[in-house]
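Text of the file run.pdb, holding PDB, C-alpha atoms, pLDDT in the B column:
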```
ATOM      1  CA  GLY A 275      21.825  -7.713 -16.376  1.00 64.00           C
ATOM      2  CA  GLN A 276      19.544  -7.539 -19.356  1.00 73.00           C
ATOM      3  CA  SER A 277      17.962  -4.741 -21.355  1.00 89.00           C
ATOM      4  CA  LEU A 278      15.442  -5.018 -24.169  1.00 93.00           C
ATOM      5  CA  GLU A 279      14.239  -2.331 -26.565  1.00 95.00           C
ATOM      6  CA  GLN A 280      11.000  -2.465 -28.514  1.00 97.00           C
ATOM      7  CA  PRO A 281       8.735   0.266 -29.895  1.00 97.00           C
ATOM      8  CA  SER A 282       6.034   1.471 -27.536  1.00 95.00           C
ATOM      9  CA  GLU A 283       3.154   1.677 -30.024  1.00 96.00           C
ATOM     10  CA  VAL A 284       2.171   0.573 -33.511  1.00 97.00           C
ATOM     11  CA  THR A 285      -1.097   1.296 -35.322  1.00 97.00           C
ATOM     12  CA  ALA A 286      -2.235  -0.467 -38.486  1.00 97.00           C
ATOM     13  CA  VAL A 287      -5.405  -1.301 -40.402  1.00 97.00           C
ATOM     14  CA  GLU A 288      -7.105  -4.659 -40.685  1.00 97.00           C
ATOM     15  CA  GLY A 289      -5.404  -6.926 -43.192  1.00 97.00           C
ATOM     16  CA  ALA A 290      -2.056  -5.142 -42.918  1.00 97.00           C
ATOM     17  CA  ILE A 291       1.322  -6.531 -41.831  1.00 97.00           C
ATOM     18  CA  VAL A 292       3.089  -5.291 -38.707  1.00 97.00           C
ATOM     19  CA  GLN A 293       6.665  -5.969 -37.657  1.00 98.00           C
ATOM     20  CA  ILE A 294       7.688  -5.439 -34.032  1.00 98.00           C
ATOM     21  CA  ASN A 295      11.440  -5.229 -33.550  1.00 98.00           C
ATOM     22  CA  CYS A 296      13.285  -6.172 -30.398  1.00 98.00           C
ATOM     23  CA  THR A 297      16.950  -5.572 -29.622  1.00 97.00           C
ATOM     24  CA  TYR A 298      18.513  -6.946 -26.492  1.00 95.00           C
ATOM     25  CA  GLN A 299      21.617  -6.914 -24.373  1.00 93.00           C
ATOM     26  CA  THR A 300      22.198  -9.772 -22.005  1.00 87.00           C
ATOM     27  CA  SER A 301      25.070 -11.452 -20.237  1.00 82.00           C
ATOM     28  CA  GLY A 302      23.716 -14.904 -21.038  1.00 81.00           C
ATOM     29  CA  PHE A 303      21.320 -15.898 -23.792  1.00 83.00           C
ATOM     30  CA  TYR A 304      19.250 -19.018 -24.377  1.00 85.00           C
ATOM     31  CA  GLY A 305      16.527 -17.666 -26.630  1.00 89.00           C
ATOM     32  CA  LEU A 306      13.985 -14.969 -27.457  1.00 92.00           C
ATOM     33  CA  SER A 307      10.295 -15.357 -26.675  1.00 92.00           C
ATOM     34  CA  TRP A 308       7.211 -13.386 -27.623  1.00 95.00           C
ATOM     35  CA  TYR A 309       4.072 -13.014 -25.517  1.00 96.00           C
ATOM     36  CA  GLN A 310       0.710 -11.409 -26.221  1.00 97.00           C
ATOM     37  CA  GLN A 311      -1.359  -9.692 -23.566  1.00 97.00           C
ATOM     38  CA  HIS A 312      -4.862  -8.352 -24.070  1.00 97.00           C
ATOM     39  CA  ASP A 313      -5.963  -5.490 -21.861  1.00 93.00           C
ATOM     40  CA  GLY A 314      -6.674  -6.790 -18.363  1.00 88.00           C
ATOM     41  CA  GLY A 315      -5.613 -10.320 -19.230  1.00 94.00           C
ATOM     42  CA  ALA A 316      -2.697 -12.628 -18.615  1.00 96.00           C
ATOM     43  CA  PRO A 317       0.256 -12.882 -21.007  1.00 96.00           C
ATOM     44  CA  THR A 318       0.062 -15.818 -23.385  1.00 95.00           C
ATOM     45  CA  PHE A 319       2.949 -17.450 -25.220  1.00 93.00           C
ATOM     46  CA  LEU A 320       3.294 -16.846 -28.960  1.00 94.00           C
ATOM     47  CA  SER A 321       6.713 -18.093 -30.050  1.00 92.00           C
ATOM     48  CA  TYR A 322      10.266 -18.904 -29.040  1.00 90.00           C
ATOM     49  CA  ASN A 323      13.490 -18.720 -31.072  1.00 92.00           C
ATOM     50  CA  ALA A 324      16.612 -20.393 -29.742  1.00 89.00           C
ATOM     51  CA  LEU A 325      18.405 -20.484 -33.095  1.00 92.00           C
ATOM     52  CA  ASP A 326      18.834 -17.961 -35.912  1.00 95.00           C
ATOM     53  CA  GLY A 327      16.091 -17.859 -38.474  1.00 96.00           C
ATOM     54  CA  LEU A 328      12.381 -17.619 -38.928  1.00 96.00           C
ATOM     55  CA  GLU A 329       9.711 -19.554 -37.029  1.00 92.00           C
ATOM     56  CA  GLU A 330       6.198 -19.479 -38.466  1.00 93.00           C
ATOM     57  CA  THR A 331       3.012 -20.207 -36.573  1.00 88.00           C
ATOM     58  CA  GLY A 332      -0.068 -19.388 -38.603  1.00 92.00           C
ATOM     59  CA  ARG A 333      -0.361 -15.628 -39.146  1.00 96.00           C
ATOM     60  CA  PHE A 334       2.487 -14.913 -36.735  1.00 96.00           C
ATOM     61  CA  SER A 335       6.204 -15.369 -37.440  1.00 97.00           C
ATOM     62  CA  SER A 336       9.234 -14.666 -35.296  1.00 97.00           C
ATOM     63  CA  PHE A 337      12.822 -14.105 -36.353  1.00 98.00           C
ATOM     64  CA  LEU A 338      16.104 -14.162 -34.481  1.00 97.00           C
ATOM     65  CA  SER A 339      19.635 -13.065 -35.307  1.00 97.00           C
ATOM     66  CA  ARG A 340      21.902 -13.954 -32.401  1.00 95.00           C
ATOM     67  CA  SER A 341      24.901 -12.190 -33.920  1.00 95.00           C
ATOM     68  CA  ASP A 342      22.937  -8.916 -34.111  1.00 96.00           C
ATOM     69  CA  SER A 343      21.136  -9.413 -30.755  1.00 95.00           C
ATOM     70  CA  TYR A 344      17.948  -8.715 -32.662  1.00 96.00           C
ATOM     71  CA  GLY A 345      14.619 -10.300 -33.308  1.00 97.00           C
ATOM     72  CA  TYR A 346      11.195  -9.413 -34.580  1.00 98.00           C
ATOM     73  CA  LEU A 347       7.611 -10.562 -34.467  1.00 98.00           C
ATOM     74  CA  LEU A 348       5.658 -10.359 -37.711  1.00 98.00           C
ATOM     75  CA  LEU A 349       1.887 -10.157 -37.559  1.00 97.00           C
ATOM     76  CA  GLN A 350       0.223 -10.815 -40.907  1.00 97.00           C
ATOM     77  CA  GLU A 351      -3.363 -10.361 -42.078  1.00 97.00           C
ATOM     78  CA  LEU A 352      -4.086  -8.247 -39.036  1.00 97.00           C
ATOM     79  CA  GLN A 353      -7.435  -8.758 -37.350  1.00 97.00           C
ATOM     80  CA  MET A 354      -9.205  -6.621 -34.766  1.00 97.00           C
ATOM     81  CA  LYS A 355      -8.569  -9.306 -32.153  1.00 97.00           C
ATOM     82  CA  ASP A 356      -4.818  -8.759 -32.602  1.00 98.00           C
ATOM     83  CA  SER A 357      -5.124  -5.421 -30.786  1.00 98.00           C
ATOM     84  CA  ALA A 358      -3.035  -6.142 -27.695  1.00 97.00           C
ATOM     85  CA  SER A 359       0.375  -5.611 -26.126  1.00 97.00           C
ATOM     86  CA  TYR A 360       3.256  -7.726 -27.370  1.00 97.00           C
ATOM     87  CA  PHE A 361       6.322  -8.399 -25.256  1.00 96.00           C
ATOM     88  CA  CYS A 362       9.685  -9.780 -26.251  1.00 96.00           C
ATOM     89  CA  ALA A 363      11.526 -11.653 -23.529  1.00 93.00           C
ATOM     90  CA  VAL A 364      15.048 -12.939 -23.252  1.00 91.00           C
ATOM     91  CA  ARG A 365      15.556 -16.309 -21.633  1.00 82.00           C
ATOM     92  CA  GLU A 366      18.624 -16.510 -19.428  1.00 78.00           C
ATOM     93  CA  ASP A 367      18.823 -19.925 -17.783  1.00 74.00           C
ATOM     94  CA  TYR A 368      15.630 -20.276 -15.720  1.00 73.00           C
ATOM     95  CA  LYS A 369      14.607 -16.659 -15.980  1.00 79.00           C
ATOM     96  CA  LEU A 370      12.800 -14.484 -18.485  1.00 85.00           C
ATOM     97  CA  SER A 371      13.449 -10.754 -18.746  1.00 89.00           C
ATOM     98  CA  PHE A 372      10.680  -8.852 -20.508  1.00 92.00           C
ATOM     99  CA  GLY A 373      10.728  -5.729 -22.627  1.00 94.00           C
ATOM    100  CA  ALA A 374       8.324  -2.900 -21.827  1.00 94.00           C
ATOM    101  CA  GLY A 375       5.919  -4.028 -24.521  1.00 95.00           C
ATOM    102  CA  THR A 376       4.509  -2.762 -27.824  1.00 97.00           C
ATOM    103  CA  THR A 377       0.857  -1.780 -27.953  1.00 97.00           C
ATOM    104  CA  VAL A 378      -0.634  -2.750 -31.309  1.00 98.00           C
ATOM    105  CA  THR A 379      -3.857  -1.037 -32.287  1.00 97.00           C
ATOM    106  CA  VAL A 380      -5.740  -2.416 -35.262  1.00 97.00           C
ATOM    107  CA  ARG A 381      -8.155  -0.045 -37.002  1.00 96.00           C
ATOM    108  CA  ALA A 382     -11.020  -1.041 -39.268  1.00 93.00           C
TER     109      ALA A 382
ATOM    110  CA  ASN B 275      -6.964 -28.883 -16.347  1.00 73.00           C
ATOM    111  CA  ALA B 276      -7.209 -25.482 -14.685  1.00 82.00           C
ATOM    112  CA  GLY B 277      -3.648 -24.486 -15.645  1.00 94.00           C
ATOM    113  CA  VAL B 278      -2.331 -21.813 -13.281  1.00 97.00           C
ATOM    114  CA  THR B 279      -4.701 -20.440 -10.649  1.00 97.00           C
ATOM    115  CA  GLN B 280      -4.182 -17.462  -8.366  1.00 98.00           C
ATOM    116  CA  THR B 281      -6.030 -16.181  -5.335  1.00 97.00           C
ATOM    117  CA  PRO B 282      -7.243 -13.619  -4.586  1.00 97.00           C
ATOM    118  CA  LYS B 283      -8.138 -11.810  -7.825  1.00 96.00           C
ATOM    119  CA  PHE B 284      -8.336  -8.418  -6.117  1.00 97.00           C
ATOM    120  CA  GLN B 285      -7.020  -7.105  -2.803  1.00 97.00           C
ATOM    121  CA  VAL B 286      -6.831  -3.753  -1.058  1.00 97.00           C
ATOM    122  CA  LEU B 287      -4.396  -3.364   1.828  1.00 97.00           C
ATOM    123  CA  LYS B 288      -3.412  -0.577   4.139  1.00 97.00           C
ATOM    124  CA  THR B 289       0.241   0.362   4.477  1.00 98.00           C
ATOM    125  CA  GLY B 290       1.960  -1.999   6.894  1.00 97.00           C
ATOM    126  CA  GLN B 291      -0.495  -4.874   6.514  1.00 97.00           C
ATOM    127  CA  SER B 292       0.691  -8.289   5.427  1.00 97.00           C
ATOM    128  CA  MET B 293      -0.784 -10.811   3.038  1.00 97.00           C
ATOM    129  CA  THR B 294       0.029 -13.921   1.045  1.00 98.00           C
ATOM    130  CA  LEU B 295      -0.775 -14.416  -2.625  1.00 98.00           C
ATOM    131  CA  GLN B 296      -1.440 -18.024  -3.527  1.00 97.00           C
ATOM    132  CA  CYS B 297      -0.566 -19.766  -6.779  1.00 98.00           C
ATOM    133  CA  ALA B 298      -1.081 -23.350  -7.904  1.00 98.00           C
ATOM    134  CA  GLN B 299      -0.487 -25.217 -11.171  1.00 97.00           C
ATOM    135  CA  ASP B 300      -1.754 -28.598 -12.268  1.00 95.00           C
ATOM    136  CA  MET B 301       0.583 -29.150 -15.245  1.00 93.00           C
ATOM    137  CA  ASN B 302       3.312 -30.945 -13.255  1.00 92.00           C
ATOM    138  CA  HIS B 303       5.783 -28.189 -14.090  1.00 91.00           C
ATOM    139  CA  ASN B 304       9.077 -27.934 -12.278  1.00 90.00           C
ATOM    140  CA  SER B 305       9.579 -24.166 -12.477  1.00 90.00           C
ATOM    141  CA  MET B 306       7.348 -21.450 -11.046  1.00 94.00           C
ATOM    142  CA  TYR B 307       7.650 -17.670 -11.075  1.00 95.00           C
ATOM    143  CA  TRP B 308       6.237 -14.505  -9.538  1.00 97.00           C
ATOM    144  CA  TYR B 309       6.125 -11.284 -11.575  1.00 97.00           C
ATOM    145  CA  ARG B 310       4.753  -7.835 -11.017  1.00 97.00           C
ATOM    146  CA  GLN B 311       3.461  -5.582 -13.780  1.00 96.00           C
ATOM    147  CA  ASP B 312       3.098  -1.847 -13.369  1.00 94.00           C
ATOM    148  CA  PRO B 313       1.149   0.335 -15.825  1.00 85.00           C
ATOM    149  CA  GLY B 314       2.875   0.710 -19.165  1.00 79.00           C
ATOM    150  CA  MET B 315       5.675  -1.637 -18.197  1.00 81.00           C
ATOM    151  CA  GLY B 316       6.675  -5.161 -18.867  1.00 87.00           C
ATOM    152  CA  LEU B 317       6.730  -7.904 -16.304  1.00 93.00           C
ATOM    153  CA  ARG B 318       9.476  -7.827 -13.707  1.00 94.00           C
ATOM    154  CA  LEU B 319      10.555 -11.029 -12.009  1.00 94.00           C
ATOM    155  CA  ILE B 320      10.265 -10.976  -8.224  1.00 96.00           C
ATOM    156  CA  TYR B 321      11.239 -14.539  -7.289  1.00 96.00           C
ATOM    157  CA  TYR B 322      11.384 -17.869  -9.018  1.00 94.00           C
ATOM    158  CA  SER B 323      11.642 -21.514  -8.109  1.00 93.00           C
ATOM    159  CA  ALA B 324      13.495 -23.677 -10.609  1.00 88.00           C
ATOM    160  CA  SER B 325      12.366 -26.854  -8.872  1.00 88.00           C
ATOM    161  CA  GLU B 326      10.632 -28.010  -5.731  1.00 90.00           C
ATOM    162  CA  GLY B 327      12.695 -27.045  -2.706  1.00 89.00           C
ATOM    163  CA  THR B 328      14.589 -24.168  -4.333  1.00 92.00           C
ATOM    164  CA  THR B 329      13.856 -20.466  -4.609  1.00 95.00           C
ATOM    165  CA  ASP B 330      15.917 -17.593  -5.995  1.00 93.00           C
ATOM    166  CA  LYS B 331      15.664 -13.832  -6.202  1.00 94.00           C
ATOM    167  CA  GLY B 332      14.701 -12.142  -9.411  1.00 92.00           C
ATOM    168  CA  GLU B 333      15.012  -8.534 -10.457  1.00 90.00           C
ATOM    169  CA  VAL B 334      12.872  -6.895  -7.728  1.00 95.00           C
ATOM    170  CA  PRO B 335      12.785  -9.124  -4.586  1.00 97.00           C
ATOM    171  CA  ASN B 336      12.884  -6.452  -1.880  1.00 96.00           C
ATOM    172  CA  GLY B 337       9.795  -6.448   0.327  1.00 97.00           C
ATOM    173  CA  TYR B 338       8.730  -9.963  -0.691  1.00 98.00           C
ATOM    174  CA  ASN B 339       9.228 -13.532   0.447  1.00 97.00           C
ATOM    175  CA  VAL B 340       8.234 -16.777  -1.240  1.00 98.00           C
ATOM    176  CA  SER B 341       7.558 -20.382  -0.331  1.00 97.00           C
ATOM    177  CA  ARG B 342       7.551 -23.331  -2.706  1.00 96.00           C
ATOM    178  CA  LEU B 343       5.165 -25.415  -0.644  1.00 89.00           C
ATOM    179  CA  ASN B 344       5.277 -28.423  -2.966  1.00 95.00           C
ATOM    180  CA  LYS B 345       5.561 -29.004  -6.698  1.00 95.00           C
ATOM    181  CA  ARG B 346       2.116 -27.505  -7.317  1.00 96.00           C
ATOM    182  CA  GLU B 347       2.116 -24.439  -5.090  1.00 97.00           C
ATOM    183  CA  PHE B 348       4.230 -21.289  -4.908  1.00 98.00           C
ATOM    184  CA  SER B 349       3.168 -18.452  -2.604  1.00 98.00           C
ATOM    185  CA  LEU B 350       4.273 -14.817  -2.411  1.00 98.00           C
ATOM    186  CA  ARG B 351       4.172 -12.934   0.886  1.00 98.00           C
ATOM    187  CA  LEU B 352       4.231  -9.218   1.548  1.00 97.00           C
ATOM    188  CA  GLU B 353       5.271  -8.793   5.178  1.00 94.00           C
ATOM    189  CA  SER B 354       4.632  -5.050   5.445  1.00 97.00           C
ATOM    190  CA  ALA B 355       2.863  -3.664   2.400  1.00 97.00           C
ATOM    191  CA  ALA B 356       3.888  -0.295   0.957  1.00 97.00           C
ATOM    192  CA  PRO B 357       2.126   1.878  -1.661  1.00 97.00           C
ATOM    193  CA  SER B 358       5.015   1.132  -4.053  1.00 96.00           C
ATOM    194  CA  GLN B 359       3.828  -2.479  -4.086  1.00 97.00           C
ATOM    195  CA  THR B 360       0.557  -1.506  -5.746  1.00 97.00           C
ATOM    196  CA  SER B 361       0.663  -3.572  -8.911  1.00 97.00           C
ATOM    197  CA  VAL B 362      -0.722  -6.555 -10.775  1.00 97.00           C
ATOM    198  CA  TYR B 363       0.962  -9.774  -9.704  1.00 98.00           C
ATOM    199  CA  PHE B 364       1.234 -12.732 -12.047  1.00 98.00           C
ATOM    200  CA  CYS B 365       2.285 -16.249 -11.230  1.00 98.00           C
ATOM    201  CA  ALA B 366       3.633 -18.470 -13.998  1.00 96.00           C
ATOM    202  CA  SER B 367       4.944 -21.976 -14.464  1.00 94.00           C
ATOM    203  CA  SER B 368       7.026 -23.704 -17.108  1.00 90.00           C
ATOM    204  CA  ASP B 369       8.351 -27.106 -18.005  1.00 81.00           C
ATOM    205  CA  ARG B 370      12.047 -26.372 -18.155  1.00 66.00           C
ATOM    206  CA  ASP B 371      12.872 -29.959 -19.051  1.00 57.00           C
ATOM    207  CA  ARG B 372      11.849 -29.281 -22.627  1.00 52.00           C
ATOM    208  CA  ILE B 373      14.946 -27.714 -24.144  1.00 50.00           C
ATOM    209  CA  SER B 374      13.498 -27.151 -27.608  1.00 53.00           C
ATOM    210  CA  THR B 375      10.862 -24.767 -26.421  1.00 64.00           C
ATOM    211  CA  ASP B 376      10.260 -22.347 -23.605  1.00 69.00           C
ATOM    212  CA  THR B 377       6.681 -21.615 -22.675  1.00 86.00           C
ATOM    213  CA  GLN B 378       5.589 -19.934 -19.503  1.00 90.00           C
ATOM    214  CA  TYR B 379       1.937 -20.317 -18.556  1.00 93.00           C
ATOM    215  CA  PHE B 380       0.501 -17.414 -16.610  1.00 96.00           C
ATOM    216  CA  GLY B 381      -2.265 -17.216 -14.061  1.00 97.00           C
ATOM    217  CA  PRO B 382      -5.032 -14.576 -14.306  1.00 97.00           C
ATOM    218  CA  GLY B 383      -3.263 -12.163 -11.959  1.00 97.00           C
ATOM    219  CA  THR B 384      -3.937 -10.514  -8.608  1.00 97.00           C
ATOM    220  CA  ARG B 385      -4.679  -6.801  -8.643  1.00 97.00           C
ATOM    221  CA  LEU B 386      -3.268  -5.371  -5.426  1.00 97.00           C
ATOM    222  CA  THR B 387      -3.767  -1.834  -4.159  1.00 97.00           C
ATOM    223  CA  VAL B 388      -1.900  -0.569  -1.092  1.00 97.00           C
ATOM    224  CA  LEU B 389      -3.332   2.587   0.441  1.00 96.00           C
TER     225      LEU B 389
END
```
Structure re-expressed in structure tokens:
Amino acid sequence: GQSLEQPSEVTAVEGAIVQINCTYQTSGFYGLSWYQQHDGGAPTFLSYNALDGLEETGRFSSFLSRSDSYGYLLLQELQMKDSASYFCAVREDYKLSFGAGTTVTVRA
Amino acid sequence: NAGVTQTPKFQVLKTGQSMTLQCAQDMNHNSMYWYRQDPGMGLRLIYYSASEGTTDKGEVPNGYNVSRLNKREFSLRLESAAPSQTSVYFCASSDRDRISTDTQYFGPGTRLTVL
């Protein structure tokens, strides 16, 4: 089976940088994904890392270390609209297993 | 393109009643998924269909059945609803043929309450 650990909550001010860590244990591993979910909405895809290293997409970056079974999502220049839940997910063949999510609250 | 659509958006059932949640995608994706999300938790996979004609159990399949009707449609059935099945249900699809990326597209969800 799979297990993923990520912090439950993070609070930061507008313009700040937030890093959400994710550690995982899985019997098979294809890659690590990140999804954003606003309250009451559907999850939306942010990034996917299949190989070690950093992937950058605008203000968001994601990192993976396969040897450490660890990844993180970096949110830069935080905006109020970034207040949401962020989920890491491990891809194992056709399936995704999600972490419990990190609630990010951005304060003015 | 509508993406992934789900019906109904809201549903209230009594214990023991049955119902089918409908899902359709117009992105020509091979893989489709059903998840449930309980308060304060991540999404848990109920069933998935890697391609038309195949279905497989996920993490929490008990109490559910699925049908991959065609490439576009994937339905989830509760034969005898229980209060423990009160949850938000999300359908998703992905194009698993693209090895370099892995994006699942989610529908808006069905909010189900079982009394």
Counting all atoms listed in the file, the option among B:Ser361, B:Thr387, B:Asn275, B:Ser323 closest to B:Lys345: B:Ser323
Residues of chain B at most 12 Å from chain A: nearest atom pair and distance in Å, only C-alpha atoms, as a Markdown table:
```
| residue | atom | partner | partner_atom | distance |
| --- | --- | --- | --- | --- |
| B:Val278 | CA | A:Ala316 | CA | 10.6 |
| B:Thr279 | CA | A:Ala316 | CA | 11.3 |
| B:Gln280 | CA | A:Ala316 | CA | 11.4 |
| B:Lys283 | CA | A:Gly314 | CA | 11.8 |
| B:Asn304 | CA | A:Tyr368 | CA | 10.7 |
| B:Ser305 | CA | A:Tyr368 | CA | 7.9 |
| B:Met306 | CA | A:Tyr368 | CA | 9.6 |
| B:Tyr307 | CA | A:Lys369 | CA | 8.6 |
| B:Trp308 | CA | A:Lys369 | CA | 10.8 |
| B:Tyr309 | CA | A:Leu370 | CA | 10.1 |
| B:Arg310 | CA | A:Phe372 | CA | 11.2 |
| B:Gln311 | CA | A:Ala374 | CA | 9.8 |
| B:Asp312 | CA | A:Ala374 | CA | 10.0 |
| B:Pro313 | CA | A:Ala374 | CA | 9.9 |
| B:Gly314 | CA | A:Ala374 | CA | 7.1 |
| B:Met315 | CA | A:Ala374 | CA | 4.7 |
| B:Gly316 | CA | A:Ala374 | CA | 4.1 |
| B:Leu317 | CA | A:Phe372 | CA | 5.8 |
| B:Arg318 | CA | A:Phe372 | CA | 7.0 |
| B:Leu319 | CA | A:Ser371 | CA | 7.3 |
| B:Ile320 | CA | A:Lys369 | CA | 10.6 |
| B:Tyr321 | CA | A:Lys369 | CA | 9.6 |
| B:Tyr322 | CA | A:Lys369 | CA | 7.8 |
| B:Ser323 | CA | A:Tyr368 | CA | 8.7 |
| B:Ala324 | CA | A:Tyr368 | CA | 6.5 |
| B:Ser325 | CA | A:Tyr368 | CA | 10.0 |
| B:Thr329 | CA | A:Tyr368 | CA | 11.3 |
| B:Asp330 | CA | A:Tyr368 | CA | 10.1 |
| B:Lys331 | CA | A:Lys369 | CA | 10.2 |
| B:Gly332 | CA | A:Lys369 | CA | 8.0 |
| B:Glu333 | CA | A:Ser371 | CA | 8.7 |
| B:Val334 | CA | A:Ser371 | CA | 11.7 |
| B:Val362 | CA | A:Gly314 | CA | 9.6 |
| B:Tyr363 | CA | A:Ala316 | CA | 10.0 |
| B:Phe364 | CA | A:Ala316 | CA | 7.7 |
| B:Cys365 | CA | A:Ala316 | CA | 9.6 |
| B:Ala366 | CA | A:Pro317 | CA | 9.6 |
| B:Ser367 | CA | A:Tyr368 | CA | 10.9 |
| B:Ser368 | CA | A:Tyr368 | CA | 9.4 |
| B:Asp369 | CA | A:Tyr368 | CA | 10.2 |
| B:Arg370 | CA | A:Tyr368 | CA | 7.5 |
| B:Asp371 | CA | A:Tyr368 | CA | 10.6 |
| B:Arg372 | CA | A:Tyr368 | CA | 12.0 |
| B:Ile373 | CA | A:Ala324 | CA | 9.4 |
| B:Ser374 | CA | A:Ala324 | CA | 7.7 |
| B:Thr375 | CA | A:Tyr322 | CA | 6.4 |
| B:Asp376 | CA | A:Tyr322 | CA | 6.4 |
| B:Thr377 | CA | A:Phe319 | CA | 6.1 |
| B:Gln378 | CA | A:Phe319 | CA | 6.8 |
| B:Tyr379 | CA | A:Thr318 | CA | 6.9 |
| B:Phe380 | CA | A:Ala316 | CA | 6.1 |
| B:Gly381 | CA | A:Ala316 | CA | 6.5 |
| B:Pro382 | CA | A:Ala316 | CA | 5.3 |
| B:Gly383 | CA | A:Ala316 | CA | 6.7 |
| B:Thr384 | CA | A:Ala316 | CA | 10.3 |
| B:Arg385 | CA | A:Gly314 | CA | 9.9 |
```
Using atom CA of A:Met354 and atom CA of A:Ala382 as the two end points, give the distance in Å to one decimal.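 Distance between the two atoms: 7.4 Å.
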Show me, as number ranges by chain, the residues that have an atom within 8 Å of B:Ser341 when counting only C-alpha atoms, minus same-chain residues fewer than 2 positions from it. B: 329, 339, 343, 348-350
If I take atom CA of A:Val287 and atom CA of A:Gln353, how far is one from the other in Å, to one decimal? 8.3 Å
How many Å separate atom CA of A:Glu283 from atom CA of A:Val378?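 Taking atom CA of A:Glu283 and atom CA of A:Val378, their separation equals 6.0 Å.
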What's around A:Ala358 at 8 Å? Count all atoms listed in the file, leave out sequence neighbours fewer than 2 positions away in its own chain, and write the answer as a PDB file with C-alpha atoms, in the coordinates of the input.
```pdb
ATOM      1  CA  GLN A 310       0.710 -11.409 -26.221  1.00 97.00           C
ATOM      2  CA  GLN A 311      -1.359  -9.692 -23.566  1.00 97.00           C
ATOM      3  CA  HIS A 312      -4.862  -8.352 -24.070  1.00 97.00           C
ATOM      4  CA  ASP A 313      -5.963  -5.490 -21.861  1.00 93.00           C
ATOM      5  CA  LYS A 355      -8.569  -9.306 -32.153  1.00 97.00           C
ATOM      6  CA  ASP A 356      -4.818  -8.759 -32.602  1.00 98.00           C
ATOM      7  CA  TYR A 360       3.256  -7.726 -27.370  1.00 97.00           C
ATOM      8  CA  THR A 377       0.857  -1.780 -27.953  1.00 97.00           C
ATOM      9  CA  VAL A 378      -0.634  -2.750 -31.309  1.00 98.00           C
ATOM     10  CA  THR A 379      -3.857  -1.037 -32.287  1.00 97.00           C
TER      11      THR A 379
END
```
Could you list the residues chosen by the PyMOL selection byres ((chain B and resi 292) around 9) in this structure as number ranges by chain? B: 287-291, 293-294, 351-355
My list of candidates is A:Leu347, A:Gln276, A:Thr300, A:Ser341. Which is closest to A:Asp326 when distances are computed with only C-alpha atoms? A:Ser341
Using all atoms listed in the file, the residue out of B:Ala276, B:Ala298, B:Val286, B:Ala356 with shortest distance to B:Tyr338 is B:Ala356
Could you give me the centre and size, in Å to one decimal, of an axis-aligned box around all listed atoms of stretch 357-371 of chain A with 5 Å added on every side, as AutoDock Vina command-line options?
```
--center_x 6.8 --center_y -12.8 --center_z -23.3 --size_x 33.9 --size_y 24.9 --size_z 25.1
```
With the PyMOL selection byres ((chain B and resi 301) around 8) as the selection, what would be picked from this file? Answer as a PyMOL selection string, please. chain B and resi 275+277+299-300+302-303
Emit a file covering stretch 356-367 of chain B of the preceding structure with N, CA and C atoms, as an mmCIF file, in the first residue's frame.
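The resulting file, out_39.cif, is shown below:
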```cif
data_model
loop_
_atom_site.group_PDB
_atom_site.id
_atom_site.type_symbol
_atom_site.label_atom_id
_atom_site.label_comp_id
_atom_site.auth_asym_id
_atom_site.auth_seq_id
_atom_site.Cartn_x
_atom_site.Cartn_y
_atom_site.Cartn_z
ATOM 1 N N ALA B 356 -25.617 3.473 2.917
ATOM 2 C CA ALA B 356 -25.416 3.487 4.362
ATOM 3 C C ALA B 356 -24.924 4.870 4.772
ATOM 4 N N PRO B 357 -25.194 5.290 6.014
ATOM 5 C CA PRO B 357 -24.720 6.615 6.462
ATOM 6 C C PRO B 357 -23.219 6.808 6.283
ATOM 7 N N SER B 358 -22.439 5.725 6.362
ATOM 8 C CA SER B 358 -20.988 5.828 6.182
ATOM 9 C C SER B 358 -20.610 6.229 4.761
ATOM 10 N N GLN B 359 -21.552 6.176 3.846
ATOM 11 C CA GLN B 359 -21.285 6.575 2.467
ATOM 12 C C GLN B 359 -21.608 8.051 2.215
ATOM 13 N N THR B 360 -21.986 8.761 3.250
ATOM 14 C CA THR B 360 -22.129 10.212 3.152
ATOM 15 C C THR B 360 -20.764 10.812 2.852
ATOM 16 N N SER B 361 -20.671 11.517 1.731
ATOM 17 C CA SER B 361 -19.366 12.000 1.289
ATOM 18 C C SER B 361 -19.557 12.876 0.053
ATOM 19 N N VAL B 362 -18.443 13.428 -0.423
ATOM 20 C CA VAL B 362 -18.433 14.083 -1.725
ATOM 21 C C VAL B 362 -17.738 13.135 -2.693
ATOM 22 N N TYR B 363 -18.377 12.871 -3.804
ATOM 23 C CA TYR B 363 -17.857 11.928 -4.786
ATOM 24 C C TYR B 363 -17.363 12.678 -6.016
ATOM 25 N N PHE B 364 -16.124 12.399 -6.381
ATOM 26 C CA PHE B 364 -15.529 13.024 -7.560
ATOM 27 C C PHE B 364 -15.201 11.968 -8.605
ATOM 28 N N CYS B 365 -15.531 12.296 -9.826
ATOM 29 C CA CYS B 365 -15.113 11.504 -10.973
ATOM 30 C C CYS B 365 -13.938 12.218 -11.620
ATOM 31 N N ALA B 366 -13.027 11.470 -12.198
ATOM 32 C CA ALA B 366 -11.874 12.069 -12.871
ATOM 33 C C ALA B 366 -11.515 11.245 -14.095
ATOM 34 N N SER B 367 -10.795 11.878 -15.013
ATOM 35 C CA SER B 367 -10.300 11.152 -16.174
ATOM 36 C C SER B 367 -8.869 11.584 -16.454
#
```
